[in-house]
file query_10.cif (mmCIF, C-alpha atoms)
data_work
loop_
_atom_site.label_atom_id
_atom_site.label_comp_id
_atom_site.auth_asym_id
_atom_site.auth_seq_id
_atom_site.Cartn_x
_atom_site.Cartn_y
_atom_site.Cartn_z
CA MET A 269 68.11 -35.64 -24.81
CA TYR A 270 67.51 -35.99 -28.57
CA ARG A 271 67.06 -33.04 -30.90
CA ASP A 272 66.69 -33.49 -34.69
CA GLY A 273 67.92 -37.09 -34.50
CA VAL A 274 71.12 -36.12 -32.67
CA LEU A 275 71.85 -37.10 -29.10
CA LEU A 276 72.73 -34.20 -26.85
CA ARG A 277 74.73 -34.97 -23.72
CA ARG A 278 75.81 -32.68 -20.91
CA LYS A 279 79.53 -31.94 -20.73
CA PHE A 280 81.24 -32.92 -17.52
CA THR A 281 84.51 -31.33 -16.48
CA GLY A 282 86.13 -32.03 -13.16
CA GLY A 283 82.94 -33.45 -11.68
CA GLN A 284 80.93 -30.29 -12.40
CA THR A 285 78.42 -29.85 -15.16
CA THR A 286 78.98 -27.05 -17.64
CA ARG A 287 76.15 -25.27 -19.41
CA GLY A 288 77.13 -26.55 -22.85
CA TRP A 289 75.96 -29.71 -24.56
CA ASP A 290 78.00 -32.23 -26.52
CA ARG A 291 76.48 -33.24 -29.81
CA LEU A 292 76.92 -36.91 -30.60
CA ALA A 293 75.62 -38.90 -33.52
CA ALA A 294 72.63 -40.74 -32.10
CA THR A 295 73.28 -44.03 -33.84
CA GLN A 296 76.97 -44.15 -32.95
CA ASP A 297 76.37 -43.51 -29.25
CA ARG A 298 73.37 -45.84 -29.06
CA ASP A 299 75.16 -48.71 -30.89
CA LYS A 300 78.36 -48.31 -28.87
CA SER A 301 76.60 -48.27 -25.51
CA TYR A 302 74.41 -51.25 -26.46
CA ALA A 303 77.38 -53.30 -27.62
CA ASP A 304 79.49 -52.34 -24.63
CA SER A 305 76.89 -53.10 -22.00
CA TYR A 306 75.01 -56.07 -23.43
CA CYS A 307 77.26 -58.12 -25.69
CA GLN A 308 80.46 -58.25 -23.71
CA PRO A 309 80.94 -61.42 -21.68
CA SER A 310 81.17 -60.66 -17.97
CA VAL A 311 84.57 -61.09 -16.34
CA ASP A 312 83.74 -59.70 -12.91
CA GLY A 313 84.42 -62.94 -11.08
CA LEU A 314 80.73 -63.57 -10.45
CA HIS A 315 79.72 -64.61 -13.96
CA PHE A 316 81.57 -66.91 -16.30
CA THR A 317 81.31 -67.19 -20.05
CA MET A 318 79.07 -70.10 -20.95
CA ILE A 319 79.76 -69.97 -24.70
CA ARG A 320 83.10 -71.73 -25.29
CA ARG A 321 83.32 -71.95 -29.09
CA PHE A 322 81.70 -70.37 -32.13
CA ARG A 323 81.56 -71.97 -35.56
CA HIS A 324 80.09 -68.87 -37.21
CA LYS A 325 82.45 -65.87 -37.32
CA GLY A 326 79.60 -63.38 -37.69
CA LEU A 327 77.98 -64.61 -34.47
CA GLU A 328 81.28 -64.43 -32.64
CA SER A 329 81.87 -60.82 -33.68
CA LEU A 330 78.26 -59.93 -32.78
CA PHE A 331 78.72 -61.43 -29.30
CA LEU A 332 82.19 -60.02 -28.60
CA THR A 333 82.09 -56.61 -30.31
CA GLY A 334 78.47 -55.94 -31.29
CA SER A 335 79.37 -55.85 -34.99
CA THR A 336 76.65 -57.09 -37.37
CA LYS A 337 79.15 -57.90 -40.12
CA GLY A 338 78.56 -61.40 -41.45
CA ILE A 339 74.91 -61.72 -40.38
CA ASP A 340 71.59 -60.32 -41.57
CA ALA A 341 71.15 -56.92 -39.89
CA GLN A 342 67.40 -57.53 -39.49
CA LEU A 343 68.13 -60.56 -37.30
CA ALA A 344 70.88 -58.93 -35.22
CA ALA A 345 68.70 -57.81 -32.28
CA LYS A 346 67.07 -61.23 -31.91
CA LEU A 347 70.41 -63.00 -32.22
CA ARG A 348 71.89 -60.73 -29.52
CA ARG A 349 69.07 -61.69 -27.15
CA MET A 350 69.52 -65.38 -27.96
CA LEU A 351 73.28 -65.26 -27.43
CA LEU A 352 72.82 -63.52 -24.09
CA ARG A 353 70.37 -66.21 -22.92
CA LEU A 354 72.72 -68.88 -24.19
CA ASN A 355 75.60 -67.27 -22.30
CA ASP A 356 73.65 -66.72 -19.06
CA GLY A 357 72.09 -70.17 -19.18
CA PRO A 358 71.57 -73.08 -17.37
CA LEU A 359 71.37 -75.01 -20.58
CA PRO A 360 69.08 -76.10 -22.20
CA ASP A 361 66.47 -74.59 -19.84
CA ALA A 362 67.54 -71.00 -20.59
CA MET A 363 66.67 -71.50 -24.26
CA SER A 364 63.30 -73.18 -23.75
CA LEU A 365 61.17 -70.09 -24.36
CA PRO A 366 58.03 -70.70 -26.47
CA GLY A 367 59.12 -68.44 -29.34
CA TYR A 368 62.53 -70.10 -29.61
CA ARG A 369 61.14 -73.58 -30.42
CA LEU A 370 64.04 -75.40 -28.76
CA HIS A 371 64.54 -78.98 -29.92
CA GLN A 372 67.25 -81.61 -30.07
CA LEU A 373 68.51 -82.61 -33.49
CA LYS A 374 68.37 -86.18 -34.77
CA GLY A 375 70.36 -88.36 -37.13
CA ASP A 376 73.98 -87.44 -37.83
CA ARG A 377 73.58 -84.25 -35.73
CA LYS A 378 72.37 -86.06 -32.63
CA GLY A 379 73.46 -84.27 -29.45
CA SER A 380 73.09 -80.79 -30.97
CA TRP A 381 70.28 -78.40 -30.06
CA SER A 382 68.48 -75.93 -32.29
CA VAL A 383 66.39 -72.79 -31.72
CA TRP A 384 64.30 -70.99 -34.31
CA VAL A 385 65.46 -67.49 -35.30
CA SER A 386 63.33 -66.59 -38.33
CA GLY A 387 62.03 -68.46 -41.36
CA ASN A 388 64.62 -71.11 -42.18
CA TYR A 389 67.32 -69.62 -39.94
CA ARG A 390 68.36 -71.56 -36.83
CA LEU A 391 70.86 -71.08 -34.02
CA ILE A 392 72.53 -74.46 -33.46
CA PHE A 393 74.68 -75.36 -30.46
CA ASP A 394 76.07 -78.29 -28.52
CA ILE A 395 76.12 -78.59 -24.74
CA GLU A 396 79.25 -79.76 -22.91
CA GLY A 397 78.67 -79.83 -19.18
CA GLU A 398 77.16 -76.42 -18.47
CA ASP A 399 78.73 -74.67 -21.47
CA ALA A 400 77.58 -74.07 -25.04
CA THR A 401 80.02 -75.04 -27.78
CA ASN A 402 80.00 -75.06 -31.57
CA VAL A 403 77.47 -72.22 -31.72
CA ASP A 404 76.45 -71.84 -35.37
CA PHE A 405 73.93 -69.84 -37.42
CA GLU A 406 72.47 -71.88 -40.29
CA ASP A 407 69.86 -71.70 -42.99
CA TYR A 408 67.89 -74.95 -42.79
CA HIS A 409 66.58 -76.71 -45.87
#

call {"tool": "encode", "arguments": {"input": "query_10.cif", "output": "structure tokens"}}
result
Amino acid sequence: MYRDGVLLRRKFTGGQTTRGWDRLAATQDRDKSYADSYCQPSVDGLHFTMIRRFRHKGLESLFLTGSTKGIDAQLAAKLRRMLLRLNDGPLPDAMSLPGYRLHQLKGDRKGSWSVWVSGNYRLIFDIEGEDATNVDFEDYH
């Protein structure tokens, strides 16, 4: 329950609910739960990490910890969704959504794939077997 921009959460002690409410900063709780549940690679034995190597440190910290340090904060939500699709893959089919504009690169970057993030920004990656490697965030042109 939210009241005046602050998340209120029931206190639990010994499996029983008390009548009091814990006050938590809404943004801290929301960001922590989002990063914990959505950006952590699964290690439950059923899912394996598909992203093997990052070239961009900001993307790596976004994927592993949910931190937006090193990337544009306005693009963080879209990049999280893209990284999750890239991680869940089969590649390149997982990234072939119409809004992503997936395409193979040519010339000296042949073998790499690119998806559109926003404006001139692209998420670039290579595919080795079933895994994504050399995941990078670049400003084209």

call {"tool": "resolve_selection", "arguments": {"input": "query_10.cif", "expression": "the PyMOL selection byres ((chain A and resi 409) around 8)", "output": "CSV table (one decimal) with C-alpha atoms, in the frame of the given file"}}
result
chain,number,residue,atom,x,y,z
A,388,ASN,CA,64.6,-71.1,-42.2
A,407,ASP,CA,69.9,-71.7,-43.0
A,408,TYR,CA,67.9,-75.0,-42.8

call {"tool": "residues_around", "arguments": {"input": "query_10.cif", "residues": "stretch 342-348 of chain A", "least_positions_apart": "2", "cutoff": "8 Å", "atoms": "all atoms listed in the file", "output": "list of chain:residue names"}}
result
A:Cys307, A:Leu330, A:Phe331, A:Thr336, A:Ile339, A:Asp340, A:Met350, A:Leu351, A:Leu352, A:Val385, A:Ser386

call {"tool": "residues_around", "arguments": {"input": "query_10.cif", "residues": "A:Met363", "least_positions_apart": "5", "cutoff": "12 Å", "atoms": "all atoms listed in the file", "output": "VMD selection string"}}
result
chain A and resid 349 to 358 368 to 372 381 to 385 391 to 393 395 400

call {"tool": "atom_distance", "arguments": {"input": "query_10.cif", "atom1": "atom CA of A:Lys337", "atom2": "atom CA of A:Gly379"}}
result
29.0 Å

call {"tool": "atom_distance", "arguments": {"input": "query_10.cif", "atom1": "atom CA of A:Phe322", "atom2": "atom CA of A:Asp399"}}
result
11.9 Å

call {"tool": "atom_distance", "arguments": {"input": "query_10.cif", "atom1": "atom CA of A:Ser364", "atom2": "atom CA of A:Lys325"}}
result
24.6 Å

call {"tool": "residues_around", "arguments": {"input": "query_10.cif", "residues": "A:Arg321", "least_positions_apart": "4", "cutoff": "8 Å", "atoms": "only C-alpha atoms", "output": "NGL selection string"}}
result
:A and (400-403)

call {"tool": "decode", "arguments": {"input": "query_10.cif", "residues": "stretch 347-359 of chain A", "atoms": "N, CA and C atoms", "output": "PDB file, in the first residue's frame"}}
result
ATOM      1  N   LEU A 347      16.771  -1.365 -21.917  1.00  0.00           N
ATOM      2  CA  LEU A 347      17.954  -2.214 -21.941  1.00  0.00           C
ATOM      3  C   LEU A 347      17.788  -3.438 -21.049  1.00  0.00           C
ATOM      4  N   ARG A 348      17.110  -3.284 -19.899  1.00  0.00           N
ATOM      5  CA  ARG A 348      16.840  -4.441 -19.040  1.00  0.00           C
ATOM      6  C   ARG A 348      16.015  -5.485 -19.787  1.00  0.00           C
ATOM      7  N   ARG A 349      14.958  -5.019 -20.466  1.00  0.00           N
ATOM      8  CA  ARG A 349      14.113  -5.946 -21.225  1.00  0.00           C
ATOM      9  C   ARG A 349      14.904  -6.636 -22.329  1.00  0.00           C
ATOM     10  N   MET A 350      15.756  -5.881 -23.012  1.00  0.00           N
ATOM     11  CA  MET A 350      16.560  -6.458 -24.092  1.00  0.00           C
ATOM     12  C   MET A 350      17.553  -7.483 -23.552  1.00  0.00           C
ATOM     13  N   LEU A 351      18.195  -7.174 -22.443  1.00  0.00           N
ATOM     14  CA  LEU A 351      19.155  -8.105 -21.862  1.00  0.00           C
ATOM     15  C   LEU A 351      18.473  -9.387 -21.383  1.00  0.00           C
ATOM     16  N   LEU A 352      17.260  -9.256 -20.861  1.00  0.00           N
ATOM     17  CA  LEU A 352      16.538 -10.452 -20.431  1.00  0.00           C
ATOM     18  C   LEU A 352      16.165 -11.330 -21.614  1.00  0.00           C
ATOM     19  N   ARG A 353      15.736 -10.727 -22.720  1.00  0.00           N
ATOM     20  CA  ARG A 353      15.433 -11.511 -23.925  1.00  0.00           C
ATOM     21  C   ARG A 353      16.693 -12.146 -24.481  1.00  0.00           C
ATOM     22  N   LEU A 354      17.780 -11.401 -24.448  1.00  0.00           N
ATOM     23  CA  LEU A 354      19.052 -11.922 -24.928  1.00  0.00           C
ATOM     24  C   LEU A 354      19.512 -13.090 -24.071  1.00  0.00           C
ATOM     25  N   ASN A 355      19.273 -13.007 -22.776  1.00  0.00           N
ATOM     26  CA  ASN A 355      19.675 -14.064 -21.855  1.00  0.00           C
ATOM     27  C   ASN A 355      18.762 -15.289 -21.953  1.00  0.00           C
ATOM     28  N   ASP A 356      17.476 -15.081 -22.191  1.00  0.00           N
ATOM     29  CA  ASP A 356      16.525 -16.188 -22.243  1.00  0.00           C
ATOM     30  C   ASP A 356      16.515 -16.900 -23.578  1.00  0.00           C
ATOM     31  N   GLY A 357      16.965 -16.239 -24.608  1.00  0.00           N
ATOM     32  CA  GLY A 357      17.019 -16.608 -25.975  1.00  0.00           C
ATOM     33  C   GLY A 357      16.588 -17.915 -26.461  1.00  0.00           C
ATOM     34  N   PRO A 358      16.253 -18.430 -27.560  1.00  0.00           N
ATOM     35  CA  PRO A 358      17.216 -18.927 -28.533  1.00  0.00           C
ATOM     36  C   PRO A 358      17.603 -17.771 -29.449  1.00  0.00           C
ATOM     37  N   LEU A 359      18.870 -17.670 -29.697  1.00  0.00           N
ATOM     38  CA  LEU A 359      19.362 -16.546 -30.488  1.00  0.00           C
ATOM     39  C   LEU A 359      19.475 -16.943 -31.954  1.00  0.00           C
TER      40      LEU A 359
END
